[in-house]
Amino acid sequence: MKNIIYIFVTFSILTVSCADYLDVVPDNITTVDHAFKSRYQTERFLYGLFGSLPEFANPGSNPAMMGGDEIWYSVDGDGLSRTLWYIPQGGQGTNAPLANYWASRQTSYSLNGGKPLFTVLRDCNIFLENVHLPFDLMEDERIRWTGEALFLKAFYHFWLFRMYGPIPLIKENVEISAVQNEVRPYREPVDEVVDYIVALLDSATAKLPLSIEDIVNDMGRPTKATALAVKAQVLTLAASPLFNGTEEGGANPDYLNVVDRRGVHLFPQTYSAEKWQKAAQALKEAIDMAGAAKHRLYDFRITNANLVAGLNEKTILAMQVRGAATEKWNDEIIWGDSRSNTNALQSACQPQLNTIHDGGGISANYAPPQRMAEQFYTKNGIPIEEDKDWVNIDPMETTTATGDDKFYIKEGYSTFKLYFNREARFYGALIFAGGTLYGNGRTMDNDLWITDYFRMPSITDGNFQRKSITGYLCKKLLNFKSAIPLTNTSFTQERYAFPIIRLADLYLMYAEALNEINGPNAEVYEYIDAIRQRTGLDGVVESWRDHALDPSKPSTKAGMRAIIRHERLNELAFEGSRFWDLKRWKLAETVFNSKPIRGLVRDENENVTLRELYPLEYTSKDYLWPIKESNLANNPNLVQNPGW
């Protein structure tokens with residue numbers, strides 16, 4: 001091994017000057033020889049690789065949290081970074097890209113500990129080249145740590161690929177004697193990037209454990225199921241319309257003419273049905289491995305058996321997906337972020353329950369817009385606009401809750417019809433005025449909290465601090481054991497590992513892939529219906545047959561495609577999936593631009609009305625991230641993404 005200096009030459013051309021990358025290994029380690037002198041130092045290096053993972057629960061690190069249309073914030077928002085919230089407001093650019101994981105350090109907020117991911121990828125290579133050196137490292141640990149480094153190397157490539165499309169592949173570190181072109185790498189075509197990431201994950205899978213044995217210290221580290229799940233995500237993305245085009249229209253026309261200075265086409269030129277076959281096979285392998293590792297769909301009845309005897313079925317059903325996302329290390333979580341501090345996120349989701357809570361302790365400003373309240377199904381398991389029972393109903397008319405509604409809406413409370421007769425996931429995901437809140441110290445549903453004291457903005461008040469700018473808060477990401485007492489503002493959070501991949505995600509992707517191959521069949525329905533039945537919904541065929549304006553929709557490929565996509569948006573809402581799904585389906589322009597961001601506001605008479613907050617203007621260039629101009633200047637072999 002050469003001294004660590006050889007990395008600097010490689011990276012200076014790919015990004016910016018060498019001076020910014022003097023800490024390409026963990027702090028206080030200056031040479032490769034010292035970094036791998038013993039098991040202890042080697043483990044520290046490995047932890048450094050893990051430490052560069054994005055903070056998935058942090059909106060300032062994960063663009064999927066506030067970078068789309070799922071959550072709206074305010075300029076007065078406190079408690080969470082709002083930097084990436086400016087992405088959907090047109091704040092993205094090439095001079096100083098937001099969420100710039102390609103190269104630059106961030107000064108106003110932290111993405112992943114400050115290291116550009118191409119530097120982290122070189123750290124992965126250093127580890128893999130030297131993990132054999134420690135004299136006191138046992139062979140079983142060496143194998144596992146190698147698998148973890150391979151997994152991280154694959155995931156960092158995937159993270160960049162999902163953002164930027166074609167990327168340079170950091171297969172090996174370039175030595176100091178390299179010629180100029182070797183330190184000015186090209187972006188590689190989509191198919192080559194995918195094949196390389198898949199190969200890394202296959203190699204990692206063979207070395208990773210089936211499950212985590214040391215639950216206290218090691219939860220969050222990858223397993224065989226984790227690696228196969230990420231592989232399935234990679235192949236599903238590669239098969240999706242953004243990169244693969246469609247069966248009906250061929251390759252994505254937006255990228256057909258993107259070539260680099262070698263004349264190499266960076267994007268596929270034809271649609272490939274085989275890519276869906278590969279995705280389906282990978283998804284089935286991931287699901288089978290998850291089963292072998294005893295992962296299963298979350299069930300509140302099982303994990304909280306001591307509570308369910310005193311609960312109404314409606315309360316239990318609303319807790320099903322909320323618990324799947326926030327109950328720490330439940331069996332459905334295939335990979336979770338144990339490093340993420342969900343305290344700030346939960347503080348932003350917790351509503352004030354009285355005037356005392358206005359003074360601090362919670363920020364209460366993580367606000368889903370009106371479109372999210374409209375998105376969830378009716379109690380019949382189909383979209384509002386497709387349900388024949390809702391044809392003559394104006395969702396924004398008001399009505400009064402009865403005793404039949406009391407487990408979801410306060411009895412006697414007058415509010416919008418939109419909040420009545422909805423699926424259980426609606427009530428488990430959203431906090432709205434007059435709704436119920438399970439938890440916060442109350443675990444019997446004969447004494448549910450009512451969110452009737454609700455700090456939504458007033459039309460005469462421009463201050464949005466500690467207020468929901470839309471009139472909603474995100475209940476789903478609030479653990480039911482977190483609590484704030486009525487008498488003070490001391491908010492005690494029950495920390496949990498933010499879900500990166502859970503089993504329901506794989507089920508839904510598998511149904512999607514199968515439908516793209518042969519259209520709807522019994523197996524497609526099986527995996528979708530397993531998700532639906534958990535929250536009390538009938539199967540897809542039955543629901544559309546009995547309640548839909550178009551009962552035949554589940555019988556066609558196009559119809560089932562739309563159903564599966566809608567199911568993903570509901571099931572995985574607020575978990576960072578919607579942002580990437582709408583991009584890979586090439587639907588972001590259609591969905592984001594369909595309606596402006598809207599929210600509720602109190603008028604001068606204290607009546608609640610709906611208002612427009614911001615018109616979204618998503619264009620074709622926004623599907624991929626821009627590369628910073630200075631990076632292009634330093635490496636003329638790079639080409640910019642279309643539209644930027």
# chains A, B, ... in the order shown; residues from 1 in each chain; ligands from 1
call {"tool": "residues_around", "arguments": {"residues": "Met319 (chain A)", "least_positions_apart": "6", "cutoff": "9 Å", "atoms": "only C-alpha atoms", "output": "count of residues only"}}
result
10
call {"tool": "select_by_dssp", "arguments": {"residues": "region 380-489 of chain A", "states": "strand (DSSP E)", "output": "ChimeraX atom specification"}}
result
/A:398-400,414-416,430-431,436-437,449-450,473-474
call {"tool": "write_last_selection", "arguments": {"atoms": "C-alpha atoms", "output": "PDB file, in the first residue's frame"}}
result
ATOM      1  CA  THR A 398     -68.901  20.001   7.259  1.00  0.00           C
ATOM      2  CA  THR A 399     -70.776  17.447   9.302  1.00  0.00           C
ATOM      3  CA  THR A 400     -70.885  16.411  12.946  1.00  0.00           C
ATOM      4  CA  SER A 414     -68.219  19.528  13.501  1.00  0.00           C
ATOM      5  CA  THR A 415     -65.570  19.219  10.796  1.00  0.00           C
ATOM      6  CA  PHE A 416     -65.017  18.398   7.130  1.00  0.00           C
ATOM      7  CA  LEU A 430     -52.540  12.449  10.009  1.00  0.00           C
ATOM      8  CA  ILE A 431     -53.305  14.727  12.928  1.00  0.00           C
ATOM      9  CA  THR A 436     -58.076  11.427  18.112  1.00  0.00           C
ATOM     10  CA  LEU A 437     -54.512  10.673  19.185  1.00  0.00           C
ATOM     11  CA  TRP A 449     -56.532  12.513  23.332  1.00  0.00           C
ATOM     12  CA  ILE A 450     -58.483  14.908  21.148  1.00  0.00           C
ATOM     13  CA  LEU A 473     -49.360  17.265  11.460  1.00  0.00           C
ATOM     14  CA  CYS A 474     -47.733  13.917  10.695  1.00  0.00           C
TER      15      CYS A 474
END
call {"tool": "atom_distance", "arguments": {"atom1": "CA of Met66 (chain A)", "atom2": "CA of Val194 (chain A)"}}
result
26.9 Å
call {"tool": "residues_around", "arguments": {"residues": "Phe161 (chain A)", "least_positions_apart": "2", "cutoff": "12 Å", "atoms": "only C-alpha atoms", "output": "tab-separated table (two decimals) with all heavy atoms, in the first residue's frame"}}
result
chain	number	residue	atom	x	y	z
A	101	TYR	N	-24.56	15.76	-2.70
A	101	TYR	CA	-23.80	14.59	-2.27
A	101	TYR	C	-22.67	14.24	-3.24
A	101	TYR	O	-21.84	13.40	-2.93
A	101	TYR	CB	-24.73	13.38	-2.13
A	101	TYR	CG	-25.48	13.34	-0.83
A	101	TYR	CD1	-26.76	13.86	-0.71
A	101	TYR	CD2	-24.90	12.78	0.31
A	101	TYR	CE1	-27.45	13.81	0.49
A	101	TYR	CE2	-25.58	12.73	1.51
A	101	TYR	CZ	-26.84	13.25	1.60
A	101	TYR	OH	-27.52	13.21	2.79
A	102	TRP	N	-22.65	14.86	-4.39
A	102	TRP	CA	-21.61	14.55	-5.37
A	102	TRP	C	-20.23	14.93	-4.85
A	102	TRP	O	-19.29	14.14	-4.92
A	102	TRP	CB	-21.89	15.27	-6.68
A	102	TRP	CG	-20.94	14.96	-7.79
A	102	TRP	CD1	-19.65	15.43	-7.95
A	102	TRP	CD2	-21.17	14.10	-8.92
A	102	TRP	NE1	-19.09	14.93	-9.09
A	102	TRP	CE2	-20.00	14.11	-9.71
A	102	TRP	CE3	-22.26	13.35	-9.34
A	102	TRP	CZ2	-19.89	13.38	-10.89
A	102	TRP	CZ3	-22.15	12.63	-10.51
A	102	TRP	CH2	-20.98	12.65	-11.28
A	117	LEU	N	-19.51	11.87	-1.10
A	117	LEU	CA	-19.62	10.42	-1.18
A	117	LEU	C	-18.54	9.79	-2.03
A	117	LEU	O	-18.19	8.62	-1.82
A	117	LEU	CB	-21.00	10.02	-1.70
A	117	LEU	CG	-22.16	10.18	-0.71
A	117	LEU	CD1	-23.41	9.50	-1.24
A	117	LEU	CD2	-21.80	9.60	0.65
A	118	PHE	N	-17.98	10.52	-2.99
A	118	PHE	CA	-16.88	9.93	-3.76
A	118	PHE	C	-15.63	9.76	-2.88
A	118	PHE	O	-14.84	8.85	-3.11
A	118	PHE	CB	-16.57	10.77	-5.00
A	118	PHE	CG	-17.58	10.58	-6.10
A	118	PHE	CD1	-18.48	11.57	-6.41
A	118	PHE	CD2	-17.65	9.38	-6.80
A	118	PHE	CE1	-19.42	11.39	-7.41
A	118	PHE	CE2	-18.58	9.18	-7.80
A	118	PHE	CZ	-19.47	10.19	-8.11
A	154	ALA	N	-21.65	-0.39	-2.21
A	154	ALA	CA	-22.78	-0.52	-3.14
A	154	ALA	C	-23.85	0.52	-2.85
A	154	ALA	O	-24.39	1.16	-3.77
A	154	ALA	CB	-23.37	-1.93	-3.05
A	155	PHE	N	-24.17	0.71	-1.57
A	155	PHE	CA	-25.24	1.63	-1.24
A	155	PHE	C	-24.87	3.07	-1.58
A	155	PHE	O	-25.72	3.83	-2.06
A	155	PHE	CB	-25.62	1.53	0.24
A	155	PHE	CG	-26.80	2.40	0.59
A	155	PHE	CD1	-28.08	2.00	0.27
A	155	PHE	CD2	-26.62	3.64	1.18
A	155	PHE	CE1	-29.18	2.81	0.55
A	155	PHE	CE2	-27.70	4.46	1.47
A	155	PHE	CZ	-28.98	4.04	1.15
A	156	TYR	N	-23.63	3.45	-1.33
A	156	TYR	CA	-23.22	4.82	-1.68
A	156	TYR	C	-23.27	5.04	-3.20
A	156	TYR	O	-23.68	6.12	-3.65
A	156	TYR	CB	-21.83	5.12	-1.14
A	156	TYR	CG	-21.78	5.23	0.37
A	156	TYR	CD1	-20.78	4.60	1.11
A	156	TYR	CD2	-22.73	5.97	1.07
A	156	TYR	CE1	-20.74	4.69	2.50
A	156	TYR	CE2	-22.69	6.06	2.45
A	156	TYR	CZ	-21.70	5.43	3.16
A	156	TYR	OH	-21.67	5.53	4.53
A	157	HIS	N	-22.88	4.05	-3.97
A	157	HIS	CA	-23.05	4.16	-5.42
A	157	HIS	C	-24.55	4.28	-5.76
A	157	HIS	O	-24.92	5.08	-6.64
A	157	HIS	CB	-22.47	2.92	-6.12
A	157	HIS	CG	-21.00	3.00	-6.41
A	157	HIS	ND1	-20.05	2.38	-5.64
A	157	HIS	CD2	-20.30	3.64	-7.39
A	157	HIS	CE1	-18.85	2.62	-6.13
A	157	HIS	NE2	-18.97	3.38	-7.21
A	158	PHE	N	-25.39	3.48	-5.10
A	158	PHE	CA	-26.82	3.52	-5.37
A	158	PHE	C	-27.42	4.88	-5.02
A	158	PHE	O	-28.24	5.43	-5.77
A	158	PHE	CB	-27.52	2.41	-4.59
A	158	PHE	CG	-29.03	2.47	-4.63
A	158	PHE	CD1	-29.71	2.60	-5.83
A	158	PHE	CD2	-29.77	2.39	-3.45
A	158	PHE	CE1	-31.10	2.65	-5.87
A	158	PHE	CE2	-31.15	2.44	-3.48
A	158	PHE	CZ	-31.81	2.58	-4.69
A	159	TRP	N	-27.02	5.42	-3.89
A	159	TRP	CA	-27.54	6.73	-3.47
A	159	TRP	C	-27.21	7.79	-4.52
A	159	TRP	O	-28.07	8.59	-4.90
A	159	TRP	CB	-26.95	7.10	-2.11
A	159	TRP	CG	-27.49	8.37	-1.52
A	159	TRP	CD1	-26.99	9.63	-1.66
A	159	TRP	CD2	-28.66	8.51	-0.69
A	159	TRP	NE1	-27.75	10.54	-0.97
A	159	TRP	CE2	-28.79	9.87	-0.37
A	159	TRP	CE3	-29.61	7.61	-0.20
A	159	TRP	CZ2	-29.83	10.36	0.44
A	159	TRP	CZ3	-30.64	8.10	0.60
A	159	TRP	CH2	-30.74	9.46	0.91
A	163	MET	N	-29.80	9.71	-7.41
A	163	MET	CA	-29.86	11.16	-7.51
A	163	MET	C	-29.43	11.67	-8.88
A	163	MET	O	-30.11	12.52	-9.48
A	163	MET	CB	-28.96	11.79	-6.45
A	163	MET	CG	-29.42	11.61	-5.02
A	163	MET	SD	-28.31	12.40	-3.83
A	163	MET	CE	-28.60	14.13	-4.18
A	164	TYR	N	-28.31	11.15	-9.39
A	164	TYR	CA	-27.67	11.75	-10.56
A	164	TYR	C	-27.81	10.93	-11.84
A	164	TYR	O	-27.49	11.43	-12.92
A	164	TYR	CB	-26.18	11.96	-10.28
A	164	TYR	CG	-25.90	12.95	-9.18
A	164	TYR	CD1	-25.72	12.52	-7.87
A	164	TYR	CD2	-25.83	14.31	-9.44
A	164	TYR	CE1	-25.46	13.41	-6.84
A	164	TYR	CE2	-25.57	15.22	-8.42
A	164	TYR	CZ	-25.39	14.77	-7.12
A	164	TYR	OH	-25.14	15.67	-6.11
A	165	GLY	N	-28.24	9.67	-11.73
A	165	GLY	CA	-28.23	8.82	-12.92
A	165	GLY	C	-26.83	8.28	-13.16
A	165	GLY	O	-26.20	7.75	-12.23
A	166	PRO	N	-26.32	8.37	-14.38
A	166	PRO	CA	-24.96	7.87	-14.66
A	166	PRO	C	-23.93	8.54	-13.75
A	166	PRO	O	-23.96	9.77	-13.57
A	166	PRO	CB	-24.75	8.27	-16.13
A	166	PRO	CG	-26.13	8.42	-16.69
A	166	PRO	CD	-26.97	8.93	-15.57
A	167	ILE	N	-23.04	7.77	-13.19
A	167	ILE	CA	-22.01	8.28	-12.28
A	167	ILE	C	-20.69	7.59	-12.58
A	167	ILE	O	-20.66	6.51	-13.16
A	167	ILE	CB	-22.38	8.03	-10.80
A	167	ILE	CG1	-22.63	6.53	-10.56
A	167	ILE	CG2	-23.56	8.88	-10.38
A	167	ILE	CD1	-22.80	6.16	-9.10
A	168	PRO	N	-19.57	8.20	-12.19
A	168	PRO	CA	-18.30	7.47	-12.23
A	168	PRO	C	-18.34	6.29	-11.26
A	168	PRO	O	-18.94	6.39	-10.18
A	168	PRO	CB	-17.27	8.51	-11.78
A	168	PRO	CG	-17.92	9.83	-12.02
A	168	PRO	CD	-19.39	9.61	-11.77
A	169	LEU	N	-17.75	5.19	-11.61
A	169	LEU	CA	-17.67	4.02	-10.75
A	169	LEU	C	-16.31	3.99	-10.07
A	169	LEU	O	-15.28	3.99	-10.74
A	169	LEU	CB	-17.90	2.74	-11.55
A	169	LEU	CG	-19.28	2.62	-12.20
A	169	LEU	CD1	-19.36	1.35	-13.04
A	169	LEU	CD2	-20.39	2.63	-11.15
A	187	ARG	N	-18.53	9.64	-16.46
A	187	ARG	CA	-19.76	9.02	-15.98
A	187	ARG	C	-20.02	7.76	-16.81
A	187	ARG	O	-19.89	7.78	-18.02
A	187	ARG	CB	-20.94	10.00	-16.11
A	187	ARG	CG	-20.73	11.30	-15.36
A	187	ARG	CD	-21.86	12.29	-15.62
A	187	ARG	NE	-23.12	11.83	-15.05
A	187	ARG	CZ	-24.27	12.48	-15.17
A	187	ARG	NH1	-24.33	13.60	-15.89
A	187	ARG	NH2	-25.37	12.02	-14.61
A	188	GLU	N	-20.38	6.69	-16.13
A	188	GLU	CA	-20.61	5.43	-16.84
A	188	GLU	C	-22.09	5.25	-17.17
A	188	GLU	O	-22.96	5.76	-16.46
A	188	GLU	CB	-20.10	4.25	-16.02
A	188	GLU	CG	-18.61	4.31	-15.72
A	188	GLU	CD	-17.74	4.33	-16.97
A	188	GLU	OE1	-18.22	3.89	-18.04
A	188	GLU	OE2	-16.59	4.79	-16.88
A	189	PRO	N	-22.41	4.54	-18.25
A	189	PRO	CA	-23.81	4.35	-18.63
A	189	PRO	C	-24.63	3.68	-17.53
A	189	PRO	O	-24.11	2.93	-16.71
A	189	PRO	CB	-23.72	3.46	-19.87
A	189	PRO	CG	-22.35	3.69	-20.41
A	189	PRO	CD	-21.48	3.93	-19.21
A	190	VAL	N	-25.93	3.95	-17.56
A	190	VAL	CA	-26.85	3.44	-16.55
A	190	VAL	C	-26.72	1.94	-16.35
A	190	VAL	O	-26.60	1.45	-15.21
A	190	VAL	CB	-28.31	3.80	-16.93
A	190	VAL	CG1	-29.31	2.97	-16.13
A	190	VAL	CG2	-28.56	5.29	-16.71
A	191	ASP	N	-26.72	1.17	-17.42
A	191	ASP	CA	-26.69	-0.29	-17.28
A	191	ASP	C	-25.39	-0.78	-16.64
A	191	ASP	O	-25.40	-1.75	-15.87
A	191	ASP	CB	-26.87	-0.95	-18.65
A	191	ASP	CG	-28.30	-0.79	-19.18
A	191	ASP	OD1	-29.19	-0.44	-18.38
A	191	ASP	OD2	-28.50	-0.99	-20.39
A	192	GLU	N	-24.27	-0.12	-16.93
A	192	GLU	CA	-23.01	-0.51	-16.30
A	192	GLU	C	-23.01	-0.18	-14.82
A	192	GLU	O	-22.49	-0.95	-13.99
A	192	GLU	CB	-21.84	0.19	-17.01
A	192	GLU	CG	-21.58	-0.31	-18.42
A	192	GLU	CD	-20.32	0.28	-19.02
A	192	GLU	OE1	-19.42	0.67	-18.25
A	192	GLU	OE2	-20.24	0.36	-20.26
A	193	VAL	N	-23.59	0.96	-14.47
A	193	VAL	CA	-23.68	1.34	-13.06
A	193	VAL	C	-24.52	0.31	-12.30
A	193	VAL	O	-24.13	-0.16	-11.22
A	193	VAL	CB	-24.29	2.75	-12.92
A	193	VAL	CG1	-24.55	3.08	-11.45
A	193	VAL	CG2	-23.37	3.80	-13.53
A	194	VAL	N	-25.66	-0.04	-12.86
A	194	VAL	CA	-26.55	-1.01	-12.21
A	194	VAL	C	-25.85	-2.36	-12.05
A	194	VAL	O	-25.88	-2.97	-10.97
A	194	VAL	CB	-27.85	-1.17	-13.02
A	194	VAL	CG1	-28.68	-2.34	-12.49
A	194	VAL	CG2	-28.66	0.12	-12.96
A	195	ASP	N	-25.21	-2.83	-13.10
A	195	ASP	CA	-24.53	-4.13	-13.03
A	195	ASP	C	-23.45	-4.13	-11.96
A	195	ASP	O	-23.27	-5.14	-11.24
A	195	ASP	CB	-23.92	-4.48	-14.39
A	195	ASP	CG	-24.96	-4.84	-15.44
A	195	ASP	OD1	-26.12	-5.07	-15.06
A	195	ASP	OD2	-24.61	-4.86	-16.64
A	196	TYR	N	-22.72	-3.03	-11.84
A	196	TYR	CA	-21.65	-2.97	-10.85
A	196	TYR	C	-22.20	-2.98	-9.43
A	196	TYR	O	-21.70	-3.70	-8.56
A	196	TYR	CB	-20.79	-1.73	-11.08
A	196	TYR	CG	-19.61	-1.64	-10.13
A	196	TYR	CD1	-18.61	-2.60	-10.15
A	196	TYR	CD2	-19.53	-0.62	-9.20
A	196	TYR	CE1	-17.54	-2.54	-9.27
A	196	TYR	CE2	-18.46	-0.53	-8.32
A	196	TYR	CZ	-17.46	-1.50	-8.36
A	196	TYR	OH	-16.40	-1.43	-7.48
A	197	ILE	N	-23.25	-2.19	-9.19
A	197	ILE	CA	-23.85	-2.15	-7.85
A	197	ILE	C	-24.39	-3.53	-7.48
A	197	ILE	O	-24.20	-4.02	-6.36
A	197	ILE	CB	-24.96	-1.09	-7.79
A	197	ILE	CG1	-24.38	0.31	-8.01
A	197	ILE	CG2	-25.68	-1.15	-6.44
A	197	ILE	CD1	-25.43	1.40	-8.14
A	233	GLN	N	-34.17	-2.97	-4.84
A	233	GLN	CA	-34.46	-1.56	-5.09
A	233	GLN	C	-33.72	-1.06	-6.32
A	233	GLN	O	-34.28	-0.35	-7.16
A	233	GLN	CB	-34.06	-0.72	-3.88
A	233	GLN	CG	-35.01	-0.78	-2.70
A	233	GLN	CD	-34.63	0.22	-1.63
A	233	GLN	OE1	-33.44	0.45	-1.36
A	233	GLN	NE2	-35.61	0.81	-1.00
A	234	VAL	N	-32.44	-1.43	-6.42
A	234	VAL	CA	-31.62	-1.00	-7.56
A	234	VAL	C	-32.22	-1.49	-8.87
A	234	VAL	O	-32.38	-0.72	-9.83
A	234	VAL	CB	-30.17	-1.50	-7.40
A	234	VAL	CG1	-29.35	-1.19	-8.65
A	234	VAL	CG2	-29.51	-0.89	-6.18
A	235	LEU	N	-32.57	-2.77	-8.92
A	235	LEU	CA	-33.08	-3.35	-10.16
A	235	LEU	C	-34.48	-2.85	-10.49
A	235	LEU	O	-34.85	-2.72	-11.66
A	235	LEU	CB	-33.04	-4.87	-10.07
A	235	LEU	CG	-31.63	-5.47	-10.12
A	235	LEU	CD1	-31.65	-6.95	-9.78
A	235	LEU	CD2	-30.97	-5.24	-11.47
A	237	LEU	N	-35.56	0.20	-9.74
A	237	LEU	CA	-35.30	1.54	-10.29
A	237	LEU	C	-34.85	1.44	-11.74
A	237	LEU	O	-35.32	2.19	-12.60
A	237	LEU	CB	-34.25	2.26	-9.44
A	237	LEU	CG	-33.73	3.59	-9.97
A	237	LEU	CD1	-34.85	4.60	-10.16
A	237	LEU	CD2	-32.65	4.15	-9.04
A	238	ALA	N	-33.95	0.51	-12.03
A	238	ALA	CA	-33.43	0.36	-13.40
A	238	ALA	C	-34.52	-0.05	-14.37
A	238	ALA	O	-34.46	0.27	-15.56
A	238	ALA	CB	-32.30	-0.66	-13.41
A	243	PHE	N	-35.54	5.38	-16.17
A	243	PHE	CA	-34.33	4.89	-16.82
A	243	PHE	C	-34.62	3.86	-17.93
A	243	PHE	O	-33.81	3.69	-18.83
A	243	PHE	CB	-33.38	4.28	-15.80
A	243	PHE	CG	-32.78	5.28	-14.85
A	243	PHE	CD1	-32.71	5.02	-13.49
A	243	PHE	CD2	-32.29	6.50	-15.30
A	243	PHE	CE1	-32.15	5.94	-12.61
A	243	PHE	CE2	-31.75	7.42	-14.44
A	243	PHE	CZ	-31.67	7.15	-13.09
A	580	TRP	N	-38.90	9.38	-4.22
A	580	TRP	CA	-38.16	8.59	-5.20
A	580	TRP	C	-39.10	7.83	-6.13
A	580	TRP	O	-38.79	7.65	-7.32
A	580	TRP	CB	-37.22	7.61	-4.49
A	580	TRP	CG	-36.21	8.27	-3.62
A	580	TRP	CD1	-36.10	8.17	-2.26
A	580	TRP	CD2	-35.16	9.16	-4.03
A	580	TRP	NE1	-35.05	8.93	-1.80
A	580	TRP	CE2	-34.45	9.54	-2.86
A	580	TRP	CE3	-34.74	9.66	-5.26
A	580	TRP	CZ2	-33.36	10.40	-2.90
A	580	TRP	CZ3	-33.65	10.52	-5.29
A	580	TRP	CH2	-32.98	10.88	-4.13
A	584	ARG	N	-39.06	7.81	-10.21
A	584	ARG	CA	-38.76	6.62	-11.03
A	584	ARG	C	-39.93	6.27	-11.94
A	584	ARG	O	-39.73	5.71	-13.02
A	584	ARG	CB	-38.33	5.44	-10.17
A	584	ARG	CG	-39.41	4.77	-9.37
A	584	ARG	CD	-38.85	3.57	-8.59
A	584	ARG	NE	-39.83	2.95	-7.74
A	584	ARG	CZ	-40.67	2.00	-8.13
A	584	ARG	NH1	-40.64	1.56	-9.37
A	584	ARG	NH2	-41.54	1.48	-7.28
A	623	TYR	N	-35.81	15.70	-12.48
A	623	TYR	CA	-35.75	14.27	-12.15
A	623	TYR	C	-34.36	13.85	-11.69
A	623	TYR	O	-34.22	12.90	-10.92
A	623	TYR	CB	-36.18	13.43	-13.35
A	623	TYR	CG	-37.67	13.41	-13.56
A	623	TYR	CD1	-38.27	14.21	-14.51
A	623	TYR	CD2	-38.48	12.61	-12.77
A	623	TYR	CE1	-39.64	14.20	-14.71
A	623	TYR	CE2	-39.86	12.58	-12.95
A	623	TYR	CZ	-40.44	13.39	-13.91
A	623	TYR	OH	-41.80	13.37	-14.08
A	624	LEU	N	-33.32	14.54	-12.19
A	624	LEU	CA	-31.95	14.23	-11.78
A	624	LEU	C	-31.31	15.49	-11.19
A	624	LEU	O	-31.64	16.61	-11.56
A	624	LEU	CB	-31.13	13.74	-12.98
A	624	LEU	CG	-31.60	12.44	-13.63
A	624	LEU	CD1	-30.73	12.12	-14.85
A	624	LEU	CD2	-31.58	11.27	-12.64
A	625	TRP	N	-30.36	15.26	-10.30
A	625	TRP	CA	-29.66	16.37	-9.64
A	625	TRP	C	-28.68	17.04	-10.61
A	625	TRP	O	-28.08	16.38	-11.47
A	625	TRP	CB	-28.88	15.85	-8.45
A	625	TRP	CG	-29.41	16.30	-7.13
A	625	TRP	CD1	-28.86	17.24	-6.31
A	625	TRP	CD2	-30.58	15.83	-6.46
A	625	TRP	NE1	-29.62	17.38	-5.18
A	625	TRP	CE2	-30.69	16.53	-5.24
A	625	TRP	CE3	-31.55	14.89	-6.77
A	625	TRP	CZ2	-31.72	16.32	-4.34
A	625	TRP	CZ3	-32.60	14.68	-5.88
A	625	TRP	CH2	-32.67	15.39	-4.69
call {"tool": "select_by_dssp", "arguments": {"residues": "region 320-431 of chain A", "states": "alpha helix (DSSP H)", "output": "ChimeraX atom specification"}}
result
/A:320-326,343-349,370-375,424-429
call {"tool": "atom_distance", "arguments": {"atom1": "CA of Val174 (chain A)", "atom2": "CA of Arg39 (chain A)"}}
result
26.0 Å
call {"tool": "closest_residue", "arguments": {"among": "A:Asn62, A:Asn125, A:Gln352, A:Thr326", "to": "Glu172 (chain A)", "atoms": "only C-alpha atoms"}}
result
A:Asn125
call {"tool": "closest_residue", "arguments": {"among": "A:Arg455, A:Arg611, A:Lys115, A:Arg578", "to": "Gly68 (chain A)", "atoms": "only C-alpha atoms"}}
result
A:Arg578
call {"tool": "closest_residue", "arguments": {"among": "A:Leu84, A:Thr42, A:Lys475, A:Gly249", "to": "Thr146 (chain A)", "atoms": "only C-alpha atoms"}}
result
A:Thr42
call {"tool": "atom_distance", "arguments": {"atom1": "CA of Ala64 (chain A)", "atom2": "CA of Gly576 (chain A)"}}
result
4.8 Å
call {"tool": "residues_around", "arguments": {"residues": "Thr609 (chain A)", "least_positions_apart": "4", "cutoff": "10 Å", "atoms": "only C-alpha atoms", "output": "list in words"}}
result
Met396, Ile459, Gly471, Gly599, Leu600, Val601, Arg602 and Asp603 of chain A
call {"tool": "write_last_selection", "arguments": {"atoms": "C-alpha atoms", "output": "tab-separated table (two decimals), in the first residue's frame"}}
result
chain	number	residue	atom	x	y	z
A	396	MET	CA	-64.99	20.21	2.26
A	459	ILE	CA	-55.36	34.57	8.21
A	471	GLY	CA	-53.49	22.59	9.44
A	599	GLY	CA	-53.50	24.06	3.58
A	600	LEU	CA	-56.08	25.09	6.16
A	601	VAL	CA	-56.22	28.48	7.85
A	602	ARG	CA	-58.51	30.18	10.37
A	603	ASP	CA	-60.22	33.31	9.09
call {"tool": "closest_atom_pairs", "arguments": {"of": "region 181-292 of chain A", "to": "region 551-562 of chain A", "cutoff": "12 Å", "atoms": "only C-alpha atoms", "output": "tab-separated table"}}
result
residue	atom	partner	partner_atom	distance
A:Ser240	CA	A:Arg561	CA	11.9
A:Thr246	CA	A:Ala558	CA	11.6
A:Glu247	CA	A:Ala558	CA	11.1
A:Glu248	CA	A:Ala558	CA	10.8
call {"tool": "closest_residue", "arguments": {"among": "A:Thr205, A:Asn330, A:Gln277, A:Thr270", "to": "Met289 (chain A)", "atoms": "only C-alpha atoms"}}
result
A:Thr205
call {"tool": "closest_residue", "arguments": {"among": "A:Thr470, A:Gln269, A:Gln640, A:Thr492", "to": "Lys621 (chain A)", "atoms": "only C-alpha atoms"}}
result
A:Gln640
call {"tool": "closest_atom_pairs", "arguments": {"of": "region 223-313 of chain A", "to": "region 512-517 of chain A", "cutoff": "9 Å", "atoms": "only C-alpha atoms", "output": "CSV"}}
result
residue,atom,partner,partner_atom,distance
A:Thr236,CA,A:Ala513,CA,7.5
A:Ala239,CA,A:Ala513,CA,8.6
A:Glu247,CA,A:Glu516,CA,8.9
A:Ala273,CA,A:Ile517,CA,7.2
A:Glu274,CA,A:Ile517,CA,8.6
A:Trp276,CA,A:Ala513,CA,5.6
A:Gln277,CA,A:Ile517,CA,6.8
A:Ala279,CA,A:Ala513,CA,6.6
A:Ala280,CA,A:Ala513,CA,5.3
A:Leu283,CA,A:Ala513,CA,8.6
